[in-house]
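What follows is coords_17.pdb (PDB, C-alpha atoms).
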ATOM      1  CA  MET A 189       1.999   9.775  11.453
ATOM      2  CA  PHE A 190       0.758   6.746   9.562
ATOM      3  CA  THR A 191       1.396   3.250  10.841
ATOM      4  CA  LEU A 192       1.050   0.285   8.527
ATOM      5  CA  THR A 193       0.525  -3.196   9.884
ATOM      6  CA  ILE A 194       0.675  -5.681   7.011
ATOM      7  CA  ASN A 195      -0.228  -9.267   7.808
ATOM      8  CA  GLN A 196       0.255 -12.210   5.449
ATOM      9  CA  ARG A 197      -3.051 -13.807   4.486
ATOM     10  CA  ASP A 198      -1.965 -17.468   4.287
ATOM     11  CA  SER A 199       1.625 -18.200   5.295
ATOM     12  CA  ARG A 200       0.945 -21.930   5.659
ATOM     13  CA  ARG A 201      -0.012 -22.201   1.997
ATOM     14  CA  ASP A 202       2.337 -19.577   0.523
ATOM     15  CA  GLY A 203       5.410 -19.774   2.769
ATOM     16  CA  ASP A 204       7.165 -16.771   4.269
ATOM     17  CA  LEU A 205       6.649 -13.767   1.982
ATOM     18  CA  VAL A 206       7.972 -11.180   4.449
ATOM     19  CA  PRO A 207      11.485 -10.922   2.886
ATOM     20  CA  GLN A 208      10.017 -10.148  -0.554
ATOM     21  CA  LEU A 209       7.640  -7.526   0.840
ATOM     22  CA  LEU A 210      10.479  -5.838   2.735
ATOM     23  CA  LYS A 211      12.463  -5.768  -0.507
ATOM     24  CA  ASP A 212       9.483  -4.241  -2.360
ATOM     25  CA  LEU A 213       9.142  -1.528   0.341
ATOM     26  CA  ARG A 214      12.840  -0.659   0.706
ATOM     27  CA  HIS A 215      12.524   2.547  -1.363
ATOM     28  CA  ILE A 216       9.782   4.025   0.886
ATOM     29  CA  PRO A 217      11.308   6.666   3.199
ATOM     30  CA  ALA A 218       9.966   5.723   6.616
ATOM     31  CA  ARG A 219      10.191   7.339  10.045
ATOM     32  CA  LEU A 220      10.603   3.810  11.401
ATOM     33  CA  ASP A 221      11.708   1.336   8.757
ATOM     34  CA  PHE A 222       9.471  -1.488   7.663
ATOM     35  CA  ASP A 223      10.468  -4.632   9.494
ATOM     36  CA  ARG A 224       9.117  -7.980  10.579
ATOM     37  CA  SER A 225       7.146  -7.419  13.785
ATOM     38  CA  VAL A 226       6.030 -11.005  14.393
ATOM     39  CA  GLU A 227       6.113 -14.199  12.322
ATOM     40  CA  ASP A 228       4.233 -13.231   9.145
ATOM     41  CA  GLU A 229       3.691  -9.534   9.750
ATOM     42  CA  VAL A 230       5.439  -6.344   8.691
ATOM     43  CA  GLN A 231       5.101  -2.932  10.346
ATOM     44  CA  GLY A 232       6.438   0.483   9.494
ATOM     45  CA  ILE A 233       5.696   4.130  10.244
ATOM     46  CA  VAL A 234       5.689   6.840   7.582
ATOM     47  CA  GLU A 235       5.364  10.605   7.867
ATOM     48  CA  SER A 236       3.460  11.258   4.646
ATOM     49  CA  SER A 237      -0.024  10.134   3.645
ATOM     50  CA  HIS A 238       1.277   9.699   0.076
ATOM     51  CA  GLN A 239       3.841   7.207   1.380
ATOM     52  CA  ALA A 240       1.073   5.367   3.237
ATOM     53  CA  VAL A 241      -0.957   5.069   0.013
ATOM     54  CA  GLU A 242       2.054   3.866  -1.978
ATOM     55  CA  THR A 243       2.924   1.284   0.672
ATOM     56  CA  ALA A 244      -0.636  -0.028   0.785
ATOM     57  CA  LEU A 245      -0.823  -0.426  -2.997
ATOM     58  CA  ILE A 246       2.526  -2.234  -3.144
ATOM     59  CA  ALA A 247       1.271  -4.735  -0.588
ATOM     60  CA  LEU A 248      -2.159  -5.080  -2.233
ATOM     61  CA  ARG A 249      -0.630  -5.815  -5.640
ATOM     62  CA  SER A 250       0.087  -9.475  -4.855
ATOM     63  CA  SER A 251      -3.244 -10.217  -3.095
ATOM     64  CA  GLN A 252      -1.189 -11.884  -0.334
ATOM     65  CA  TRP A 253      -1.556  -9.313   2.459
ATOM     66  CA  TYR A 254      -4.026  -7.699   4.833
ATOM     67  CA  VAL A 255      -3.131  -3.991   5.008
ATOM     68  CA  GLY A 256      -4.103  -2.002   8.099
ATOM     69  CA  ILE A 257      -3.414   1.744   8.215
ATOM     70  CA  GLY A 258      -3.501   3.489  11.561
ATOM     71  CA  VAL A 259      -3.671   7.290  11.595
ATOM     72  CA  GLY A 260      -2.455   8.787  14.846
ATOM     73  CA  PRO A 261       0.498   9.768  17.009
ATOM     74  CA  ILE A 262       3.461   7.607  17.936
ATOM     75  CA  ASN A 263       5.140   8.194  21.286
ATOM     76  CA  GLU A 264       8.333  10.231  21.125
ATOM     77  CA  PRO A 265      11.240   9.788  21.159
ATOM     78  CA  LEU A 266      10.963   7.171  18.465
ATOM     79  CA  PRO A 267      12.869   3.947  19.156
ATOM     80  CA  ASN A 268      15.293   2.450  16.623
ATOM     81  CA  LEU A 269      12.953  -0.423  15.737
ATOM     82  CA  VAL A 270       9.245  -0.340  14.938
ATOM     83  CA  LYS A 271       8.562  -3.322  17.204
ATOM     84  CA  ASP A 272       9.645  -1.167  20.173
ATOM     85  CA  ALA A 273       7.339   1.744  19.259
ATOM     86  CA  SER A 274       4.101   2.620  21.044
ATOM     87  CA  GLY A 275       1.231   5.043  20.589
ATOM     88  CA  HIS A 276      -2.288   5.438  19.248
ATOM     89  CA  GLY A 277      -1.213   5.032  15.617
ATOM     90  CA  LEU A 278      -0.087   1.480  16.310
ATOM     91  CA  VAL A 279      -3.316   0.670  18.151
ATOM     92  CA  TYR A 280      -5.376   1.955  15.202
ATOM     93  CA  ALA A 281      -3.300  -0.053  12.695
ATOM     94  CA  ARG A 282      -3.753  -3.213  14.770
ATOM     95  CA  ARG A 283      -7.511  -2.661  14.956
ATOM     96  CA  ALA A 284      -7.660  -2.134  11.189
ATOM     97  CA  VAL A 285      -5.750  -5.296  10.297
ATOM     98  CA  ASP A 286      -7.646  -7.380  12.868
ATOM     99  CA  ARG A 287     -10.924  -6.217  11.327
ATOM    100  CA  LEU A 288      -9.704  -7.493   7.954
ATOM    101  CA  ARG A 289      -8.585 -10.843   9.316
ATOM    102  CA  ASN A 290     -12.016 -11.384  10.863
ATOM    103  CA  GLY A 291     -13.956 -10.190   7.812
ATOM    104  CA  LYS A 292     -14.444 -11.150   4.198
ATOM    105  CA  GLU A 293     -13.293  -8.034   2.355
ATOM    106  CA  ARG A 294     -12.407  -8.628  -1.308
ATOM    107  CA  ILE A 295      -9.814  -5.856  -1.232
ATOM    108  CA  PRO A 296      -8.077  -6.289   2.147
ATOM    109  CA  VAL A 297      -7.192  -2.753   3.185
ATOM    110  CA  ALA A 298      -8.627  -0.965   6.221
ATOM    111  CA  VAL A 299      -8.097   2.429   7.836
ATOM    112  CA  ASP A 300      -8.643   3.308  11.484
ATOM    113  CA  GLY A 301      -8.137   6.535  13.378
ATOM    114  CA  PRO A 302      -9.794   9.080  15.653
ATOM    115  CA  LEU A 303     -12.320  10.193  13.006
ATOM    116  CA  ALA A 304     -14.318   7.143  11.917
ATOM    117  CA  ALA A 305     -16.179   8.833   9.042
ATOM    118  CA  LEU A 306     -13.009  10.134   7.380
ATOM    119  CA  ALA A 307     -11.248   6.809   7.980
ATOM    120  CA  SER A 308     -14.144   5.046   6.258
ATOM    121  CA  GLU A 309     -13.940   7.413   3.271
ATOM    122  CA  ALA A 310     -10.172   6.938   2.935
ATOM    123  CA  GLU A 311     -10.678   3.184   3.160
ATOM    124  CA  ALA A 312     -13.289   3.260   0.385
ATOM    125  CA  VAL A 313     -10.980   5.129  -2.013
ATOM    126  CA  LEU A 314      -8.077   2.808  -1.166
ATOM    127  CA  ARG A 315     -10.274  -0.219  -1.883
ATOM    128  CA  LEU A 316     -11.112   1.148  -5.333
ATOM    129  CA  LEU A 317      -7.413   1.730  -6.009
ATOM    130  CA  GLY A 318      -6.618  -1.718  -4.639
ATOM    131  CA  HIS A 319      -9.183  -3.265  -6.974
ATOM    132  CA  ILE A 320      -7.436  -1.653  -9.952
ATOM    133  CA  VAL A 321      -3.993  -2.790  -8.787
ATOM    134  CA  GLN A 322      -5.014  -6.366  -7.979
ATOM    135  CA  HIS A 323      -6.734  -7.018 -11.303
ATOM    136  CA  ARG A 324      -3.822  -6.232 -13.604
ATOM    137  CA  SER A 325      -2.250  -8.951 -15.706
ATOM    138  CA  ALA A 326       1.427  -9.893 -15.615
ATOM    139  CA  ALA A 327       1.812  -8.396 -19.113
ATOM    140  CA  GLU A 328       0.351  -5.090 -17.923
ATOM    141  CA  TRP A 329       2.703  -5.040 -14.934
ATOM    142  CA  ARG A 330       5.698  -5.615 -17.236
ATOM    143  CA  VAL A 331       4.774  -2.337 -18.942
ATOM    144  CA  LEU A 332       3.819  -0.398 -15.797
ATOM    145  CA  ASP A 333       6.945  -1.348 -13.871
ATOM    146  CA  LEU A 334       9.016   0.513 -16.468
ATOM    147  CA  LEU A 335       7.030   3.755 -16.236
ATOM    148  CA  THR A 336       7.408   6.786 -13.993
ATOM    149  CA  PRO A 337       4.173   8.701 -13.258
ATOM    150  CA  GLY A 338       4.040  12.215 -14.696
ATOM    151  CA  VAL A 339       6.912  11.805 -17.168
ATOM    152  CA  ARG A 340       5.942  12.375 -20.789
ATOM    153  CA  GLY A 341       7.258  10.457 -23.791
ATOM    154  CA  GLN A 342       8.073   7.173 -22.065
ATOM    155  CA  GLN A 343       5.930   4.857 -24.152
ATOM    156  CA  LYS A 344       8.349   4.577 -27.068
ATOM    157  CA  THR A 345      11.259   3.726 -24.758
ATOM    158  CA  VAL A 346       9.199   1.121 -22.906
ATOM    159  CA  ALA A 347       8.036  -0.399 -26.193
ATOM    160  CA  GLN A 348      11.647  -0.705 -27.406
ATOM    161  CA  GLU A 349      12.788  -2.261 -24.133
ATOM    162  CA  LEU A 350       9.989  -4.850 -24.205
ATOM    163  CA  GLY A 351      10.139  -5.453 -27.971
ATOM    164  CA  ILE A 352       6.507  -4.424 -28.529
ATOM    165  CA  THR A 353       4.779  -1.576 -30.359
ATOM    166  CA  THR A 354       3.980   1.776 -28.794
ATOM    167  CA  GLN A 355       0.323   0.983 -29.536
ATOM    168  CA  ALA A 356       0.624  -2.163 -27.393
ATOM    169  CA  VAL A 357       2.071  -0.061 -24.566
ATOM    170  CA  SER A 358      -0.754   2.464 -24.930
ATOM    171  CA  LYS A 359      -3.389  -0.300 -24.851
ATOM    172  CA  ALA A 360      -1.777  -1.867 -21.758
ATOM    173  CA  LEU A 361      -1.901   1.502 -19.981
ATOM    174  CA  ALA A 362      -5.577   1.943 -20.851
ATOM    175  CA  ARG A 363      -6.542  -1.607 -19.774
ATOM    176  CA  ALA A 364      -4.554  -1.267 -16.534
ATOM    177  CA  GLN A 365      -6.206   2.086 -15.707
ATOM    178  CA  TRP A 366      -2.788   3.500 -14.896
ATOM    179  CA  ALA A 367      -3.757   7.145 -15.436
ATOM    180  CA  GLU A 368      -6.898   6.701 -13.328
ATOM    181  CA  GLU A 369      -4.942   5.116 -10.476
ATOM    182  CA  HIS A 370      -2.420   7.931 -10.335
ATOM    183  CA  ALA A 371      -5.126  10.570 -10.617
ATOM    184  CA  ALA A 372      -6.959   9.070  -7.620
ATOM    185  CA  ARG A 373      -3.972   8.461  -5.338
ATOM    186  CA  PRO A 374      -3.901  12.095  -4.103
ATOM    187  CA  ALA A 375      -7.566  11.825  -3.038
ATOM    188  CA  ALA A 376      -6.780   8.819  -0.846
ATOM    189  CA  ALA A 377      -3.746  10.607   0.590
ATOM    190  CA  ARG A 378      -5.745  13.778   1.266
ATOM    191  CA  LEU A 379      -8.436  11.868   3.145
ATOM    192  CA  LEU A 380      -5.779  10.170   5.296
ATOM    193  CA  GLN A 381      -4.163  13.557   5.973
ATOM    194  CA  LEU A 382      -7.515  15.094   6.961
ATOM    195  CA  ILE A 383      -7.832  12.536   9.752
ATOM    196  CA  LEU A 384      -4.742  14.102  11.317
ATOM    197  CA  GLU A 385      -5.739  17.699  10.639
ATOM    198  CA  VAL A 386      -9.420  17.782  11.623
ATOM    199  CA  ARG A 387      -9.933  17.949  15.366
TER     200      ARG A 387
END

Mind turning the file's structure into structure tokens?
Amino acid sequence: MFTLTINQRDSRRDGDLVPQLLKDLRHIPARLDFDRSVEDEVQGIVESSHQAVETALIALRSSQWYVGIGVGPINEPLPNLVKDASGHGLVYARRAVDRLRNGKERIPVAVDGPLAALASEAEAVLRLLGHIVQHRSAAEWRVLDLLTPGVRGQQKTVAQELGITTQAVSKALARAQWAEEHAARPAAARLLQLILEVR
């Protein structure tokens, strides 16, 4: 399983952003739902590496969060709440987020697990994806938030909804590196999955 520990970077300056993050993550199917674990921190446990990647990128979008991903088992039976869970996955996620809080990483995502080399590779790909996500403009996000990956013929509909040309939509997609992001997501997910599979 994949545990995510997501810690707010500066709650004194920015106020409590946990409710908004929980709202942004509500569509992610989790084994243990994302919830506030302590004051300015959210934790959740997902089954799929693809869900872990999606969760990380949602949190990285705002530049307000440290994102730690722990790859490892959670003790069964699972409790009802993530704050009552235990296991190696949680320990790895805590180590990952603590490393970020004590470091100076420009893209604050870290991966920890039983295979350090694979965790480091997954982390590197996630940082590249995070860089893409964090450097998009508000105008680009207005376009991207209306798109569904892998569905053809959406640009005209998005252009009509936003009152812009299809060429403007196409340019926004190119500038935002949307196709590149979605092409690289499976690589990050595969590296996370390999940490579980390789023994």

Contact residues around Glu309 (chain A) with only C-alpha atoms at 9 Å, ignoring same-chain residues under 6 positions, as a PyMOL selection string: chain A and resi 299+376+379-380

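Using the PyMOL selection byres ((chain A and resi 250) around 10) on this structure selects Leu209, Leu245, Ile246, Ala247, Leu248, Arg249, Ser251, Gln252, Trp253, Val321, Gln322 and His323 of chain A.
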
Hits of the PyMOL selection byres ((chain A and resi 287-298) around 6) in this structure, as a PyMOL selection string: chain A and resi 254-256+284-286+299+311+315

Spatial neighbours of region 353-361 of chain A, 8 Å, only C-alpha atoms, chain gap at least 5 places, as a VMD selection string: chain A and resid 327 to 328 331 to 332 343 to 344 346 to 348 366 to 367

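Proximity of A:Val226, A:Ile257, A:Val206, A:Ala371 to Val241 (chain A), computed with only C-alpha atoms, is greatest for A:Ile257.
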
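Across the model, the gap from CA of Val230 (chain A) to CA of Ala281 (chain A) is 11.5 Å.
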
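Ranking A:Glu235, A:Asp202, A:Asp228, A:Glu349 by their shortest atom-to-atom distance to Gln381 (chain A), with only C-alpha atoms included, puts A:Glu235 first.
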
Distance of CA of Leu303 (chain A) from CA of Val234 (chain A), expressed in Å to one decimal place: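 Going from CA of Val234 (chain A) over to CA of Leu303 (chain A) covers 19.1 Å.
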
Take every atom of region 250-268 of chain A listed in the file, fit an axis-aligned box around them, add 3 Å per side, and give the centre and edge lengths in Å to one decimal as JSON.
{"center_x": 5.6, "center_y": -0.8, "center_z": 8.2, "size_x": 25.4, "size_y": 28.1, "size_z": 32.1}

Computed interatomic separation between CA of Arg197 (chain A) and CA of His370 (chain A) (Å):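 Distance between the two atoms: 26.3 Å.
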
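Once the PyMOL selection byres ((chain A and resi 373) around 10) is applied to this file, the selection holds Ser237, His238, Val241, Glu242, Leu245, Val313, Leu314, Leu317, Glu368, Glu369, His370, Ala371, Ala372, Pro374, Ala375, Ala376, Ala377 and Arg378 of chain A.
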
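Minimum atom-to-atom distances from A:Arg324, A:Arg330, A:His319, A:Arg224 to Leu205 (chain A) were compared using all atoms listed in the file, and the lowest value belongs to A:Arg224.
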
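Each of A:Leu350, A:Ala240, A:Leu266, A:Val259 was checked against Tyr280 (chain A) using only C-alpha atoms; the smallest atom-to-atom distance is that of A:Val259.
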
Among listed residues A:Ala307, A:Arg363, A:Ala326, A:Arg219, nearest Glu264 (chain A) (using only C-alpha atoms):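 With only C-alpha atoms as the atom set, the closest residue is A:Arg219.
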
Proximity to Asp333 (chain A) - best of A:Ala364, A:Ile216, A:Ile194, A:Gly301, only C-alpha atoms: A:Ala364

Generate N, CA, C and O atoms for region 207-233 of chain A and emit them as a PDB file, in the frame of the given file.
ATOM      1  N   PRO A 207      10.271 -11.477   3.511  1.00  0.00           N
ATOM      2  CA  PRO A 207      11.485 -10.922   2.886  1.00  0.00           C
ATOM      3  C   PRO A 207      11.215 -10.221   1.560  1.00  0.00           C
ATOM      4  O   PRO A 207      11.777  -9.158   1.287  1.00  0.00           O
ATOM      5  N   GLN A 208      10.323 -10.776   0.726  1.00  0.00           N
ATOM      6  CA  GLN A 208      10.017 -10.148  -0.554  1.00  0.00           C
ATOM      7  C   GLN A 208       9.283  -8.826  -0.354  1.00  0.00           C
ATOM      8  O   GLN A 208       9.560  -7.835  -1.040  1.00  0.00           O
ATOM      9  N   LEU A 209       8.345  -8.786   0.587  1.00  0.00           N
ATOM     10  CA  LEU A 209       7.640  -7.526   0.840  1.00  0.00           C
ATOM     11  C   LEU A 209       8.602  -6.454   1.339  1.00  0.00           C
ATOM     12  O   LEU A 209       8.538  -5.299   0.891  1.00  0.00           O
ATOM     13  N   LEU A 210       9.495  -6.814   2.241  1.00  0.00           N
ATOM     14  CA  LEU A 210      10.479  -5.838   2.735  1.00  0.00           C
ATOM     15  C   LEU A 210      11.345  -5.319   1.592  1.00  0.00           C
ATOM     16  O   LEU A 210      11.670  -4.123   1.541  1.00  0.00           O
ATOM     17  N   LYS A 211      11.692  -6.191   0.666  1.00  0.00           N
ATOM     18  CA  LYS A 211      12.463  -5.768  -0.507  1.00  0.00           C
ATOM     19  C   LYS A 211      11.644  -4.797  -1.359  1.00  0.00           C
ATOM     20  O   LYS A 211      12.152  -3.776  -1.823  1.00  0.00           O
ATOM     21  N   ASP A 212      10.353  -5.105  -1.549  1.00  0.00           N
ATOM     22  CA  ASP A 212       9.483  -4.241  -2.360  1.00  0.00           C
ATOM     23  C   ASP A 212       9.268  -2.865  -1.725  1.00  0.00           C
ATOM     24  O   ASP A 212       8.990  -1.892  -2.427  1.00  0.00           O
ATOM     25  N   LEU A 213       9.388  -2.789  -0.377  1.00  0.00           N
ATOM     26  CA  LEU A 213       9.142  -1.528   0.341  1.00  0.00           C
ATOM     27  C   LEU A 213      10.418  -0.750   0.658  1.00  0.00           C
ATOM     28  O   LEU A 213      10.345   0.321   1.250  1.00  0.00           O
ATOM     29  N   ARG A 214      11.569  -1.262   0.258  1.00  0.00           N
ATOM     30  CA  ARG A 214      12.840  -0.659   0.706  1.00  0.00           C
ATOM     31  C   ARG A 214      13.030   0.783   0.230  1.00  0.00           C
ATOM     32  O   ARG A 214      13.779   1.536   0.836  1.00  0.00           O
ATOM     33  N   HIS A 215      12.347   1.180  -0.850  1.00  0.00           N
ATOM     34  CA  HIS A 215      12.524   2.547  -1.363  1.00  0.00           C
ATOM     35  C   HIS A 215      11.614   3.564  -0.668  1.00  0.00           C
ATOM     36  O   HIS A 215      11.738   4.765  -0.902  1.00  0.00           O
ATOM     37  N   ILE A 216      10.694   3.102   0.190  1.00  0.00           N
ATOM     38  CA  ILE A 216       9.782   4.025   0.886  1.00  0.00           C
ATOM     39  C   ILE A 216      10.528   4.677   2.050  1.00  0.00           C
ATOM     40  O   ILE A 216      11.003   3.981   2.948  1.00  0.00           O
ATOM     41  N   PRO A 217      10.639   6.018   2.062  1.00  0.00           N
ATOM     42  CA  PRO A 217      11.308   6.666   3.199  1.00  0.00           C
ATOM     43  C   PRO A 217      10.400   6.637   4.427  1.00  0.00           C
ATOM     44  O   PRO A 217       9.329   7.225   4.420  1.00  0.00           O
ATOM     45  N   ALA A 218      10.815   5.913   5.441  1.00  0.00           N
ATOM     46  CA  ALA A 218       9.966   5.723   6.616  1.00  0.00           C
ATOM     47  C   ALA A 218      10.579   6.404   7.834  1.00  0.00           C
ATOM     48  O   ALA A 218      11.794   6.528   7.944  1.00  0.00           O
ATOM     49  N   ARG A 219       9.702   6.834   8.750  1.00  0.00           N
ATOM     50  CA  ARG A 219      10.191   7.339  10.045  1.00  0.00           C
ATOM     51  C   ARG A 219      10.763   6.194  10.862  1.00  0.00           C
ATOM     52  O   ARG A 219      11.779   6.336  11.532  1.00  0.00           O
ATOM     53  N   LEU A 220      10.067   5.059  10.847  1.00  0.00           N
ATOM     54  CA  LEU A 220      10.603   3.810  11.401  1.00  0.00           C
ATOM     55  C   LEU A 220      10.501   2.772  10.298  1.00  0.00           C
ATOM     56  O   LEU A 220       9.404   2.486   9.799  1.00  0.00           O
ATOM     57  N   ASP A 221      11.642   2.227   9.918  1.00  0.00           N
ATOM     58  CA  ASP A 221      11.708   1.336   8.757  1.00  0.00           C
ATOM     59  C   ASP A 221      10.771   0.145   8.875  1.00  0.00           C
ATOM     60  O   ASP A 221      10.533  -0.384   9.962  1.00  0.00           O
ATOM     61  N   PHE A 222      10.290  -0.283   7.716  1.00  0.00           N
ATOM     62  CA  PHE A 222       9.471  -1.488   7.663  1.00  0.00           C
ATOM     63  C   PHE A 222      10.317  -2.679   8.080  1.00  0.00           C
ATOM     64  O   PHE A 222      11.451  -2.841   7.640  1.00  0.00           O
ATOM     65  N   ASP A 223       9.740  -3.493   8.957  1.00  0.00           N
ATOM     66  CA  ASP A 223      10.468  -4.632   9.494  1.00  0.00           C
ATOM     67  C   ASP A 223       9.469  -5.698   9.926  1.00  0.00           C
ATOM     68  O   ASP A 223       8.285  -5.406  10.144  1.00  0.00           O
ATOM     69  N   ARG A 224       9.959  -6.904  10.067  1.00  0.00           N
ATOM     70  CA  ARG A 224       9.117  -7.980  10.579  1.00  0.00           C
ATOM     71  C   ARG A 224       8.819  -7.682  12.044  1.00  0.00           C
ATOM     72  O   ARG A 224       9.729  -7.462  12.845  1.00  0.00           O
ATOM     73  N   SER A 225       7.527  -7.679  12.401  1.00  0.00           N
ATOM     74  CA  SER A 225       7.146  -7.419  13.785  1.00  0.00           C
ATOM     75  C   SER A 225       6.895  -8.727  14.525  1.00  0.00           C
ATOM     76  O   SER A 225       7.323  -8.893  15.667  1.00  0.00           O
ATOM     77  N   VAL A 226       6.198  -9.642  13.895  1.00  0.00           N
ATOM     78  CA  VAL A 226       6.030 -11.005  14.393  1.00  0.00           C
ATOM     79  C   VAL A 226       6.140 -11.916  13.174  1.00  0.00           C
ATOM     80  O   VAL A 226       6.428 -11.454  12.086  1.00  0.00           O
ATOM     81  N   GLU A 227       5.851 -13.182  13.335  1.00  0.00           N
ATOM     82  CA  GLU A 227       6.113 -14.199  12.322  1.00  0.00           C
ATOM     83  C   GLU A 227       5.847 -13.774  10.884  1.00  0.00           C
ATOM     84  O   GLU A 227       6.745 -13.696  10.060  1.00  0.00           O
ATOM     85  N   ASP A 228       4.583 -13.520  10.546  1.00  0.00           N
ATOM     86  CA  ASP A 228       4.233 -13.231   9.145  1.00  0.00           C
ATOM     87  C   ASP A 228       3.646 -11.833   9.003  1.00  0.00           C
ATOM     88  O   ASP A 228       2.717 -11.608   8.236  1.00  0.00           O
ATOM     89  N   GLU A 229       4.220 -10.898   9.725  1.00  0.00           N
ATOM     90  CA  GLU A 229       3.691  -9.534   9.750  1.00  0.00           C
ATOM     91  C   GLU A 229       4.820  -8.520   9.612  1.00  0.00           C
ATOM     92  O   GLU A 229       5.908  -8.713  10.150  1.00  0.00           O
ATOM     93  N   VAL A 230       4.504  -7.450   8.891  1.00  0.00           N
ATOM     94  CA  VAL A 230       5.439  -6.344   8.691  1.00  0.00           C
ATOM     95  C   VAL A 230       4.783  -5.084   9.234  1.00  0.00           C
ATOM     96  O   VAL A 230       3.577  -4.871   9.061  1.00  0.00           O
ATOM     97  N   GLN A 231       5.586  -4.240   9.903  1.00  0.00           N
ATOM     98  CA  GLN A 231       5.101  -2.932  10.346  1.00  0.00           C
ATOM     99  C   GLN A 231       6.112  -1.864   9.960  1.00  0.00           C
ATOM    100  O   GLN A 231       7.323  -2.125   9.872  1.00  0.00           O
ATOM    101  N   GLY A 232       5.594  -0.670   9.749  1.00  0.00           N
ATOM    102  CA  GLY A 232       6.438   0.483   9.494  1.00  0.00           C
ATOM    103  C   GLY A 232       5.640   1.746   9.755  1.00  0.00           C
ATOM    104  O   GLY A 232       4.400   1.716   9.797  1.00  0.00           O
ATOM    105  N   ILE A 233       6.352   2.851   9.954  1.00  0.00           N
ATOM    106  CA  ILE A 233       5.696   4.130  10.244  1.00  0.00           C
ATOM    107  C   ILE A 233       6.232   5.165   9.260  1.00  0.00           C
ATOM    108  O   ILE A 233       7.453   5.343   9.133  1.00  0.00           O
TER     109      ILE A 233
END
